[in-house]
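Peer 1: Mind having a look at this structure? Questions to follow.
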Number of protein chains: 4
Amino acid sequence: MKQPLSEEKVFKDPVHNYIHVQDTIIWRLINTMEFQRLRRIRQLGTSYLTFHGAEHSRFSHSLGVYEITRRIISQFERSGYKDWIPEERLLTLCAALLHDLGHGPFSHSIEEAFEMDHEDWTCRIILEDTEITAILRDVAEDFPGKVASVISKTYEHEIVVNLVSGPLDADRMDYLLRDAYYTGVNYGTIDIDRILRMLRPYDGRVVVKESGMHAIEDYLMSRYQMYWQVYFHPVTRSSEIILRQILRRAKELVQQEYAFRFMIEPLSDLFSGEVTVAQYLLLDEALMQTAFMQWTLEEDDILSDLCSRFIHRKLYKYVEMEHLDSGTIDEIRRSFDGAGLRPDYDLEIDFPTDLPYDVFRPGDGFDSKQILLLDKYDQLREISEVSDIVRSISGIHRGRYHLYFPQDRLQKALPQLPPSIAEIFAK
Amino acid sequence: MKQPLSEEKVFKDPVHNYIHVQDTIIWRLINTMEFQRLRRIRQLGTSYLTFHGAEHSRFSHSLGVYEITRRIISQFERSGYKDWIPEERLLTLCAALLHDLGHGPFSHSIEEAFEMDHEDWTCRIILEDTEITAILRDVAEDFPGKVASVISKTYEHEIVVNLVSGPLDADRMDYLLRDAYYTGVNYGTIDIDRILRMLRPYDGRVVVKESGMHAIEDYLMSRYQMYWQVYFHPVTRSSEIILRQILRRAKELVQQEYAFRFMIEPLSDLFSGEVTVAQYLLLDEALMQTAFMQWTLEEDDILSDLCSRFIHRKLYKYVEMEHLDSGTIDEIRRSFDGAGLRPDYDLEIDFPTDLPYDVFRPGDGFDSKQILLLDKYDQLREISEVSDIVRSISGIHRGRYHLYFPQDRLQKALPQLPPSIAEIFAK
Amino acid sequence: MKQPLSEEKVFKDPVHNYIHVQDTIIWRLINTMEFQRLRRIRQLGTSYLTFHGAEHSRFSHSLGVYEITRRIISQFERSGYKDWIPEERLLTLCAALLHDLGHGPFSHSIEEAFEMDHEDWTCRIILEDTEITAILRDVAEDFPGKVASVISKTYEHEIVVNLVSGPLDADRMDYLLRDAYYTGVNYGTIDIDRILRMLRPYDGRVVVKESGMHAIEDYLMSRYQMYWQVYFHPVTRSSEIILRQILRRAKELVQQEYAFRFMIEPLSDLFSGEVTVAQYLLLDEALMQTAFMQWTLEEDDILSDLCSRFIHRKLYKYVEMEHLDSGTIDEIRRSFDGAGLRPDYDLEIDFPTDLPYDVFRPGDGFDSKQILLLDKYDQLREISEVSDIVRSISGIHRGRYHLYFPQDRLQKALPQLPPSIAEIFAK
Amino acid sequence: MKQPLSEEKVFKDPVHNYIHVQDTIIWRLINTMEFQRLRRIRQLGTSYLTFHGAEHSRFSHSLGVYEITRRIISQFERSGYKDWIPEERLLTLCAALLHDLGHGPFSHSIEEAFEMDHEDWTCRIILEDTEITAILRDVAEDFPGKVASVISKTYEHEIVVNLVSGPLDADRMDYLLRDAYYTGVNYGTIDIDRILRMLRPYDGRVVVKESGMHAIEDYLMSRYQMYWQVYFHPVTRSSEIILRQILRRAKELVQQEYAFRFMIEPLSDLFSGEVTVAQYLLLDEALMQTAFMQWTLEEDDILSDLCSRFIHRKLYKYVEMEHLDSGTIDEIRRSFDGAGLRPDYDLEIDFPTDLPYDVFRPGDGFDSKQILLLDKYDQLREISEVSDIVRSISGIHRGRYHLYFPQDRLQKALPQLPPSIAEIFAK
């Protein structure tokens with residue numbers, strides 16, 4: 001069952017041009033209902049409300065991660081590097097392909113609302129009697145377990161784990177390129193061919209040949225720009241806030257035994273907190289969107305208003321503040337309350353932050369998140385030791401407070417707000 | 001209300017880089033719930049099952065059509081062509097932006113199944129008391145009617161109609177570029193800057209300066225290739241067939257008063273044939289997909305099987321035949337019946353065809369579908385008179401029969417089929 | 001000496017991203033003075049006077065041809081096709097790399113003016129005691145001879161010859177892509193990855209898997225468009241005409257023993273007709289341009305005027321004519337003579353023509369210029385039998401007469417020309 | 001003479017797609033012999049020896065600078081910004097187009113060798129009786145003087161000077177994009193459309209709307225990467241070193257009254273130090289290359305060896321050193337002398353350095369090199385005050401010593417060198 005396909009199959013992909021499938025197992029995994037489900041989960045959640053082109057799915061991203069991993073391994077094997085274990089090829093490819101299998105609809109928001117973890121779900125889907133499990137078992141009885149252990153980072157051979165989730169893994173490279181392509185933002189363009197050529201398996205991890213340093217600098221800068229331009233875009237954050245408020249409100253209503261106009265399985269199970277793998281697999285963004293659309297007609301004002309905002313894209317506005325202490329926050333909330341606003345729904349405070357690169361801290365030894373350069377004397381050095389630019393940007397910890405609120409409701413309440421508070425929102 | 005925005009607004013777009021909005025009316029139209037609904041209708045229907053990147057929406061296409069139209073008009077105005085009527089600018093932009101407003105989920109399949117026409121729906125949404133109507137009325141009481149008449153091609157000034165739906169309209173140019181971008185297929189790359197520079201308003205229609213002939217040749221070839229590579233792709237046709245079968249089966253079941261496990265408004269209205277504008281606006285692909293997903297659990301074997309095939313992408317296989325007469329078709333259907341297959345569902349015959357360009361027929365005068373070249377003596381000539389390449393490909397009417405069938409069911413029935421029929425499907 | 005490099009070396013290339021060099025021999029060949037000389041010969045001759053970006057050299061094109069060939073062979077070897085001879089890899093790569101080695105400055109013009117043939121020069125440079133010869137001899141004593149025989153199409157294994165110069169050779173693919181990139185014209189964009197995946201070695205030639213037909217259609221159309229948009233561009237033809245007139249005039253002057261202000265070796269040898277390999281290698285476009293620049297100061301009016309036109313880009317204008325018979329030509333020439341113009345220099349008639357694809361002529365058997373498709377039953381068919389589009393464009397033989405002339409001189413002579421002749425040029 | 005062209009003319013350009021010419025004056029300037037000469041000067045000097053695609057000329061760059069400037073002005077005029085002076089449009093465009101007119105062959109090297117300044121030459125060509133001067137005078141008698149004063153930064157209206165040579169000028173934007181395109185390196189891709197949209201004329205200079213900050217960050221990072229990846233590439237530095245040595249040696253020989261095999265005007269004038277504008281205009285890279293090629297045959301060993309190295313690309317090798325003091329340098333030079341090497345030619349020490357962005361120094365007021373952001377309250381702030389990333393990289397002053405030497409000669413001398421010195425070069 002490990003045999004190659006009689007003829008290589010390809011998927012046309014705008015980012016990598018072609019995705020090459022050479023193994024029967026990979027081909028069969030792609031054609032399972034569990035993997036096809038990823039077509040119904042967007043890669044960037046609600047970002048399509050900011051960047052209208054960003055409708056791409058986790059299905060296409062997963063194929064991309066697989067393809068990059070395939071190219072890395074193929075380079076390792078062509079070059080015959082001694083630190084790579086050729087027997088691990090299929091395992092690595094399966095783990096790369098399947099690593100996002102457990103993502104739910106609007107993953108990050110749903111994970112937060114229901115205290116779930118997509119990695120756990122990925123492992124459950126791999127291990128618990130699905131089409132995926134059956135195919136993996138065709139390789140060996142313990143193969144599903146191995147794949148799951150790579151994803152949960154407990155597999156014995158570190159190089160495999162590092163390839164699938166390390167600081168230079170295929171996941172990050174694909175999403176930078178893919179998200180840049182579909183949003184149309186050009187900050188994500190990295191020289192992936194050069195990066196791939198510079199990767200070396202070394203002592204259980206993937207490191208970079210020193211002459212590839214500039215390509216890595218560029219990759220880190222791209223990553224930084226994508227975070228601020230795309231992932232943390234305030235309009236996207238606004239839509240995520242509304243989405244989380246919808247889920248919160250619906251949970252409250254379920255607890256209050258509110259009679260929903262529309263509530264079907266497996267959605268009801270999600271709210272009641274008991275979801276089997278089979279039910280989880282029925283969850284997708286189409287269902288969420290349908291529920292939200294139907295809920296625009298619910299009697300509960302809060303829920304129907306939030307759902308209308310989400311579906312018809314009447315999002316919250318925001319103001320930016322450089323500083324904000326908890327005293328001020330309390331004051332705003334109190335004033336909102338006094339002015340007839342609902343502080344729990346009419347105000348959300350957000351402080352997005354990202355470290356462009358986690359610094360090397362002397363004395364720590366090499367950390368699994370660090371990018372290591374391999375020089376011509378076969379010595380490893382953490383990149384910020386060598387690169388001025390990476391050292392400069394390491395530890396930049398920037399951010400501003402964003403206060404989100406419904407402009408229409410706030411406008412009406414303005415006269416009731418104390419001037420010092422009104423002024424904040426009047427900008 | 002016709003005033004420009006105080007500051008131009010832009011949308012980041014991967015195809016046109018930026019979409020520029022300069023008019024308050026346009027900005028407000030984009031922010032209506034009716035226009036936002038287009039985010040939930042894919043531009044290419046089920047093509048994402050063939051090209052995984054093709055998840056782009058009619059929302060982004062509509063913005064693209066608007067943008068190209070804006071650029072054409074801007075060029076007309078900069079050059080001061082006497083055949084262009086500057087007063088029609090806003091009307092033309094509104095019609096360009098809104099021309100696809102009435103598309104339903106999986107438009108072409110749903111139109112066929114329910115005998116609807118998206119152009120009618122577009123006009124209804126523009127005319128019947130929606131957010132759109134209200135905004136258009138802010139321009140003038142009769143403005144919604146004017147916009148609708150441009151879309152239904154009855155507006156008095158032909159040049160406006162021709163710009164919005166002529167052989168060189170912005171619609172076609174945007175979809176070629178956009179579909180090529182999102183599928184990743186490079187056949188759709190046309191030199192749009194050059195084409196736009198070569199367009200001239202002339203005697204009520206948009207014509208091309210003769211020196212732009214090669215760019216038009218290239219555009220027609222791209223169009224031809226996109227039809228065969230993307231729009232008529234047999235895997236896409238297979239998914240459309242299954243989609244139409246689902247709709248057909250559900251209609252049959254509704255007529256038989258079958259008790260659906262899952263059936264909600266406005267879906268039920270669609271099947272009962274009475275849909276108001278308000279209900280129509282609730283229809284989207286999320287709802288269809290949710291219904292199909294729920295229907296995978298229906299008791300009716302045919303419906304649940306078809307829905308599983310669609311949702312989990314277990315599509316029909318196909319064989320190609322150069323010739324196929326009605327006698328053979330009858331024979332196949334009879335044999336299928338005899339072998340326990342259901343000819344109405346287990347066999348679909350498809351014959352896709354496209355004319356790369358409709359020929360000039362001498363004596364007909366200029367037809368509205370013809371592309372006309374304007375030479376330096378201000379004479380018009382139909383392009384195939386001048387271009388060898390267009391003349392050569394005009395009237396190519398090619399195509400092959402494709403027979404679609406469920407591979408698993410057919411495999412079992414093979415022994416029961418007469419050898420001459422079995423042989424067709426055994427390839 | 002056939003050993004691989006200890007580490008693959010790459011050249012950054014805008015068209016193929018990276019050129020990969022894996023063999024010591026290839027690396028050494030690139031670093032010879034004979035191969036480096038190709039940096040000083042432009043790929044597109046005088047086209048840079050029309051498309052200012054087209055300054056790219058035959059050096060970069062040769063690397064590109066090598067790279068495409070390398071990828072084709074690598075695919076053949078990965079797939080283990082039985083019709084490919086793995087032992088011929090290095091030979092094929094060397095021939096691909098070196099096939100343009102003999103091009104002189106402004107090749108086509110110089111070949112015509114001095115009745116030379118670049119293929120002969122390529123073979124001489126390979127065979128006659130150059131750095132190239134020495135390196136090839138390191139492989140085997142008869143290796144230079146083998147490489148030359150591939151280039152002159154007499155090598156025993158047809159598949160090698162066909163790869164280096166067949167209807168689907170790497171030469172054509174690279175120049176379409178490269179010329180499109182550097183001119184900025186987008187007609188040349190072909191899906192090279194797909195074409196390469198579809199090539200098969202079969203019975204001594206490179207054929208295409210039938211499912212690659214559309215990619216080939218697109219390639220032929222691109223080729224056609226590039227011919228008319230770039231290679232036959234009338235402004236380029238005008239500059240070539242002036243270039244040929246310069247060479248013609250200089251030859252006349254050499255025969256008249258005119259005392260040139262500037263004339264150095266190896267230029268003088270070229271005009272006297274006796275050039276050794278060593279001298280030929282000193283010829284480049286820098287020298288030609290320097291000579292032309294110096295000749296702008298020559299006493300001979302014709303030569304200095306032509307050189308000024310070339311260097312300062314004051315080219316001939318042209319008029320287009322659909323029909324032109326030899327009677328009219330004679331009449332024009334006589335009138336020119338009568339009006340004080342010099343018919344030999346003040347008038348050039350050009351009729352560029354190209355067949356988009358050479359048709360299959362029934363009964364001929366397969367011709368070496370034909371593109372053959374391999375169907376799933378392993379049958380070969382000439383592409384125009386299968387493709388409507390290729391059949392349609394086969395045999396299109398279009399063209400118009402272009403009359404080139406110096407606008408300033410003609411303007412002055414106009415009153416002396418008979419009205420019927422004056423009218424032709426007055427447009 | 002200020003009239004627009006009857007019909008806009010375009011140049012096809014790979015970087016900006018089309019260069020639009022709308023003014024008769026611009027069209028005529030492009031067609032002068034002085035401007036056409038820029039076709040014979042490469043934009044990146046000897047970089048083509050490192051990046052084979054980098055053969056693009058200052059002609060194409062100059063068109064690009066003109067085009068970007070045209071777009072900026074067009075945006076200023078469309079938006080009606082009060083700080084822009086519409087009457088200065090043509091002046092600004094002429095200065096943008098002509099700003100590089102005075103570059104000589106291999107500009108930076110020649111400027112250093114002959115103590116010339118290309119800006120002076122630009123002004124001389126504009127002012128001293130050339131085709132350019134005549135055309136500019138057609139606008140107004142004092143127009144050539146105005147254009148020259150913009151280029152020499154003395155023109156009265158600062159905004160014009162700032163547009164043509166400020167920290168965000170069209171020159172830098174074009175060269176980043178163009179050099180990235182032709183080398184194939186992707187670090188130079190900046191979102192020029194966004195940057196252009198964000199520029200504002202403000203109080204005599206071009207500033208950036210605050211919301212464009214990220215685009216500027218990206219631009220500065222691109223610039224930084226291009227410096228290290230392309231402009232300071234050690235192989236390019238090696239070729240520049242050899243070029244400068246050639247010029248140095250030739251000067252020495254001229255002073256020694258050496259009888260050159262090949263020496264023609266205007267080259268001889270250059271070496272004798274007296275060059276008129278007319279002679280300067282005859283200088284181009286073709287002449288330099290021809291001279292170098294001829295000099296490979298000179299009797300002087302040093303000159304012929306250097307010229308062979310340059311023409312046949314047998315460049316110097318290099319070693320990198322983090323630290324290098326003058327004592328060590330002296331020691332190396334002495335050892336070289338002792339081992340029969342020529343320290344003046346066999347050793348060159350290079351320390352390339354670039355500041356990614358010049359920091360704001362408190363108390364200095366705004367410096368003409370600083371990039372200023374304009375916030376929504378119409379306040380200006382220097383970018384590094386606002387951008388963490390710019391602040392981080394400001395003042396990075398990195399660099400390593402590179403020691404260049406002829407590998408072949410050094411190899412022979414190695415046994416004669418003291419071990420401590422030999423070791424440096426033996427790596």
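Labels for the structure tokens follow display order: chains A, B, ..., residues from 1 in each chain, ligands from 1.
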Go through chain A and flag each residue having an atom no more than 7 Å from chain B; for those, report the closest pair of atoms plus their distance in Å to one decimal, using only C-alpha atoms, ordered by chain and rising number, as JSON lines.
Peer 2:
{"residue": "A:Lys12", "atom": "CA", "partner": "B:Gly184", "partner_atom": "CA", "distance": 6.5}
{"residue": "A:Asp13", "atom": "CA", "partner": "B:Gly184", "partner_atom": "CA", "distance": 5.6}
{"residue": "A:Pro14", "atom": "CA", "partner": "B:Gly184", "partner_atom": "CA", "distance": 3.9}
{"residue": "A:Asn17", "atom": "CA", "partner": "B:Gly184", "partner_atom": "CA", "distance": 6.9}
{"residue": "A:Met33", "atom": "CA", "partner": "B:His312", "partner_atom": "CA", "distance": 4.9}
{"residue": "A:Gln36", "atom": "CA", "partner": "B:His312", "partner_atom": "CA", "distance": 6.0}
{"residue": "A:Phe51", "atom": "CA", "partner": "B:Lys12", "partner_atom": "CA", "distance": 6.6}
{"residue": "A:His52", "atom": "CA", "partner": "B:Ser60", "partner_atom": "CA", "distance": 6.1}
{"residue": "A:Gly53", "atom": "CA", "partner": "B:His56", "partner_atom": "CA", "distance": 6.3}
{"residue": "A:Glu55", "atom": "CA", "partner": "B:Glu55", "partner_atom": "CA", "distance": 5.8}
{"residue": "A:His56", "atom": "CA", "partner": "B:Glu55", "partner_atom": "CA", "distance": 6.0}
{"residue": "A:Ser60", "atom": "CA", "partner": "B:His52", "partner_atom": "CA", "distance": 6.1}
{"residue": "A:Tyr182", "atom": "CA", "partner": "B:Pro14", "partner_atom": "CA", "distance": 6.7}
{"residue": "A:Thr183", "atom": "CA", "partner": "B:Pro14", "partner_atom": "CA", "distance": 6.4}
{"residue": "A:Gly184", "atom": "CA", "partner": "B:Pro14", "partner_atom": "CA", "distance": 3.9}
{"residue": "A:Ala286", "atom": "CA", "partner": "B:Ala286", "partner_atom": "CA", "distance": 4.2}
{"residue": "A:Leu287", "atom": "CA", "partner": "B:Thr290", "partner_atom": "CA", "distance": 5.3}
{"residue": "A:Gln289", "atom": "CA", "partner": "B:Ala286", "partner_atom": "CA", "distance": 6.3}
{"residue": "A:Thr290", "atom": "CA", "partner": "B:Leu287", "partner_atom": "CA", "distance": 5.3}
{"residue": "A:His312", "atom": "CA", "partner": "B:Met33", "partner_atom": "CA", "distance": 4.9}
Peer 1: Contacts of Phe425 (chain D) at 9 Å or less, counting only C-alpha atoms, minus same-chain residues fewer than 5 places along, as a PyMOL selection string?
Peer 2: chain D and resi 318-319+403+405+410+414
Peer 1: Rounded to one decimal, what separation in Å do you get between CA of Gln43 (chain B) and CA of Arg58 (chain B)?
Peer 2: 4.6 Å
